[in-house]
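Colleague: This is work.txt (compact mmCIF, C-alpha atoms).
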```
# COMPACT_ATOMS: atom_id res chain seq x y z
CA MET A 1 109.65 95.07 77.85
CA THR A 2 111.67 96.02 80.92
CA ASN A 3 109.86 96.10 84.26
CA LEU A 4 110.84 97.33 87.69
CA ASP A 5 112.04 94.47 89.88
CA HIS A 6 113.25 96.24 93.01
CA VAL A 7 114.73 99.36 94.54
CA GLY A 8 117.55 98.68 97.01
CA VAL A 9 118.48 100.97 99.88
CA TYR A 10 121.00 100.75 102.70
CA VAL A 11 119.60 100.90 106.23
CA LYS A 12 121.29 101.20 109.61
CA ASP A 13 118.85 98.97 111.52
CA LEU A 14 117.00 96.38 109.44
CA SER A 15 114.45 95.55 112.16
CA LYS A 16 113.62 99.22 112.73
CA SER A 17 113.18 99.84 108.99
CA LEU A 18 111.00 96.75 108.55
CA SER A 19 108.79 97.85 111.45
CA PHE A 20 108.53 101.38 110.05
CA TYR A 21 107.44 100.31 106.55
CA LYS A 22 105.04 97.69 107.98
CA GLN A 23 103.46 100.31 110.28
CA VAL A 24 103.20 103.02 107.61
CA PHE A 25 102.21 100.99 104.53
CA GLY A 26 101.40 97.47 105.76
CA TRP A 27 104.12 95.97 103.56
CA ASN A 28 105.18 92.39 104.24
CA VAL A 29 108.55 90.73 103.98
CA VAL A 30 108.68 88.19 101.16
CA ARG A 31 112.28 87.06 101.68
CA GLU A 32 115.12 87.48 104.15
CA PHE A 33 118.67 86.31 103.55
CA GLY A 34 122.29 87.08 104.16
CA SER A 35 125.13 87.84 101.81
CA GLY A 36 128.49 87.83 103.53
CA GLU A 37 128.07 90.12 106.53
CA ALA A 38 124.98 91.81 105.07
CA LYS A 39 121.44 91.15 106.30
CA ILE A 40 118.86 91.66 103.56
CA ALA A 41 115.07 91.78 103.57
CA VAL A 42 112.88 92.05 100.48
CA VAL A 43 109.49 93.71 100.93
CA ASP A 44 106.54 93.51 98.53
CA ILE A 45 105.46 97.09 97.79
CA GLY A 46 102.83 96.19 95.16
CA GLY A 47 104.15 96.27 91.61
CA GLY A 48 107.74 95.93 92.73
CA LEU A 49 110.02 95.10 95.62
CA LEU A 50 111.97 97.15 98.15
CA GLU A 51 115.29 95.59 99.15
CA LEU A 52 116.55 96.77 102.54
CA VAL A 53 120.25 96.05 103.12
CA GLN A 54 122.01 96.30 106.48
CA ARG A 55 125.71 95.62 106.56
CA PRO A 56 128.54 96.57 108.90
CA GLY A 57 129.76 100.03 108.00
CA SER A 58 126.73 100.65 105.78
CA PRO A 59 126.41 104.35 105.10
CA GLY A 60 122.63 104.29 105.57
CA LYS A 61 122.34 106.03 102.22
CA ALA A 62 123.41 105.26 98.69
CA PRO A 63 127.02 105.97 97.79
CA GLU A 64 127.92 108.44 95.02
CA GLY A 65 125.03 108.88 92.62
CA ASN A 66 122.62 109.27 95.56
CA TRP A 67 118.98 108.71 94.62
CA SER A 68 116.46 111.41 95.40
CA HIS A 69 113.32 109.69 96.69
CA LEU A 70 110.96 106.73 96.57
CA ALA A 71 107.53 107.82 95.28
CA LEU A 72 104.40 105.83 96.10
CA HIS A 73 100.83 106.26 94.92
CA VAL A 74 98.40 105.72 97.80
CA ASP A 75 94.61 105.41 97.55
CA ASP A 76 94.01 106.87 101.00
CA TRP A 77 96.23 109.97 100.86
CA GLU A 78 94.49 111.99 103.60
CA ASP A 79 94.33 109.01 105.97
CA LYS A 80 98.01 108.24 105.33
CA VAL A 81 98.96 111.87 106.04
CA ARG A 82 97.04 111.79 109.34
CA LYS A 83 98.76 108.52 110.27
CA LEU A 84 102.23 109.89 109.49
CA GLU A 85 101.56 113.09 111.43
CA GLY A 86 100.28 110.96 114.33
CA MET A 87 103.62 109.13 114.28
CA GLY A 88 105.34 112.49 114.78
CA LEU A 89 106.87 112.59 111.29
CA GLU A 90 107.57 115.94 109.70
CA LEU A 91 105.78 116.23 106.35
CA ARG A 92 106.26 118.63 103.48
CA LYS A 93 102.85 118.77 101.78
CA VAL A 94 102.41 120.16 98.27
CA THR A 95 99.31 120.88 96.22
CA MET A 96 100.01 120.23 92.54
CA ALA A 97 98.78 122.41 89.64
CA ASP A 98 95.96 119.90 88.96
CA GLY A 99 94.79 120.11 92.60
CA SER A 100 96.14 116.70 93.63
CA HIS A 101 98.39 116.38 96.67
CA ILE A 102 101.79 114.93 97.48
CA ALA A 103 103.74 114.77 100.72
CA PHE A 104 107.39 114.05 101.51
CA PHE A 105 108.81 112.54 104.72
CA LYS A 106 111.92 110.68 105.82
CA ASP A 107 112.23 107.05 106.85
CA PRO A 108 114.35 106.05 109.89
CA ASP A 109 117.55 106.29 107.80
CA GLY A 110 116.73 109.67 106.29
CA HIS A 111 115.64 108.33 102.88
CA MET A 112 113.07 110.65 101.34
CA VAL A 113 109.68 109.03 100.69
CA GLU A 114 106.92 110.68 98.67
CA ILE A 115 103.26 109.71 98.85
CA MET A 116 101.07 110.77 95.96
CA GLU A 117 97.31 111.17 95.81
CA LYS A 118 97.51 110.66 92.03
CA GLY A 119 100.28 108.68 90.35
CA LEU A 120 102.40 110.09 87.52
CA GLY A 121 100.85 107.58 85.13
CA GLU A 122 97.35 108.97 85.71
CA SER A 123 96.02 111.59 83.32
CA ALA A 124 95.42 115.13 84.55
```
Translate the structure described by the file into structure tokens.
Modeller:
Amino acid sequence: MTNLDHVGVYVKDLSKSLSFYKQVFGWNVVREFGSGEAKIAVVDIGGGLLELVQRPGSPGKAPEGNWSHLALHVDDWEDKVRKLEGMGLELRKVTMADGSHIAFFKDPDGHMVEIMEKGLGESA
């Protein structure tokens, strides 16, 4: 069986991104290291890892083949939405056909993040 290990994204300011994800989701760094000129932090997101990579000249987004978004199931959807709005983030909220809710917002580097009241693996 193949399992998700991590999703890697380029960031412009590693410290700013780490603070953002800690503040929004409470995620903790499990490893920090360098590779050449790159500074890398690995964050435990529950069920997988998020690798944040800052390097000189980093585009702040994936090169060709750009990914669309990082989707996260949250237990406290309404509370999370209030928190994000309180941080001044612009949200695009959607009510799904089954009545569940999702919301999209951007991280400090413009990566699209989706929070879901009900995960895709849950039955309707």
Colleague: So which residues touch Asp13 in chain A within 10 Å, counting only C-alpha atoms, skipping near sequence neighbours fewer than 2 positions away, as a list of chain:residue names?
Modeller: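 My reading of the contact set: A:Tyr10, A:Val11, A:Ser15, A:Lys16, A:Ser17, A:Leu18, A:Lys39, A:Leu52, A:Val53, A:Gln54, A:Arg55, A:Ser58, A:Gly60, A:Pro108, A:Asp109.
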Colleague: Kindly give the distance, in Å, that separates CA of Met87 in chain A and CA of Gly8 in chain A, rounded to a single decimal.
Modeller: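 These two atoms are separated by 24.5 Å.
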Colleague: I'd like the interatomic distance between CA of Arg82 in chain A and CA of Val42 in chain A, to a tenth of an Å.
Modeller: 26.8 Å
Colleague: Please compute the CA of Thr95 in chain A-CA of Glu78 in chain A distance, one decimal, in Å.
Modeller: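 Value for the CA of Thr95 in chain A-CA of Glu78 in chain A distance: 12.5 Å.
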Colleague: Might you pull out every residue within 10 Å of Glu90 in chain A, with all atoms listed in the file counted and same-chain residues fewer than 5 positions away left off, and present them as a list in words?
Modeller: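 Counting all atoms listed in the file, the residues come to Leu84, Glu85, Ala103, Phe104, Phe105 and Lys106 of chain A.
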Colleague: Here's a test: counting all atoms listed in the file, identify every protein, DNA and RNA residue with an atom at most 10 Å from (108.8, 85.4, 101.3) in the file's coordinate frame, and state them as a list in words.
Modeller: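 Using all atoms listed in the file, the matching residues come out as Asn28, Val29, Val30, Arg31, Glu32, Ala41, Val42, Val43 and Asp44 of chain A.
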Colleague: Please determine, counting only C-alpha atoms, which residue among A:Ile40, A:Lys93, A:Leu50, A:Gly34 has the shortest atom-to-atom distance to Ile115 in chain A.
Modeller: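 Closest residue, counting only C-alpha atoms: A:Lys93.
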Colleague: Please determine, counting all atoms listed in the file, which residue among A:Asp76, A:Lys12, A:Ser35, A:Met96 has the shortest atom-to-atom distance to His111 in chain A.
Modeller: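 Closest candidate: A:Lys12.
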Colleague: Point out the residue among A:Gly36, A:His69, A:Gly47, A:Leu89 with the least atom-to-atom distance to Val24 in chain A, counting only C-alpha atoms.
Modeller: A:Leu89
Colleague: Rank nothing, just name the residue among A:Lys118, A:Val113, A:Val9, A:Gln23 nearest to Gly86 in chain A, using only C-alpha atoms.
Modeller: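 For Gly86 in chain A, the nearest of the candidates is A:Gln23.
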Colleague: Pick out the closest residue to Val81 in chain A from this set: A:Tyr21, A:Met116, A:Gly110, A:Gly46. Count only C-alpha atoms.
Modeller: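 Going through A:Tyr21, A:Met116, A:Gly110, A:Gly46 one by one, the smallest distance to Val81 in chain A is for A:Met116.
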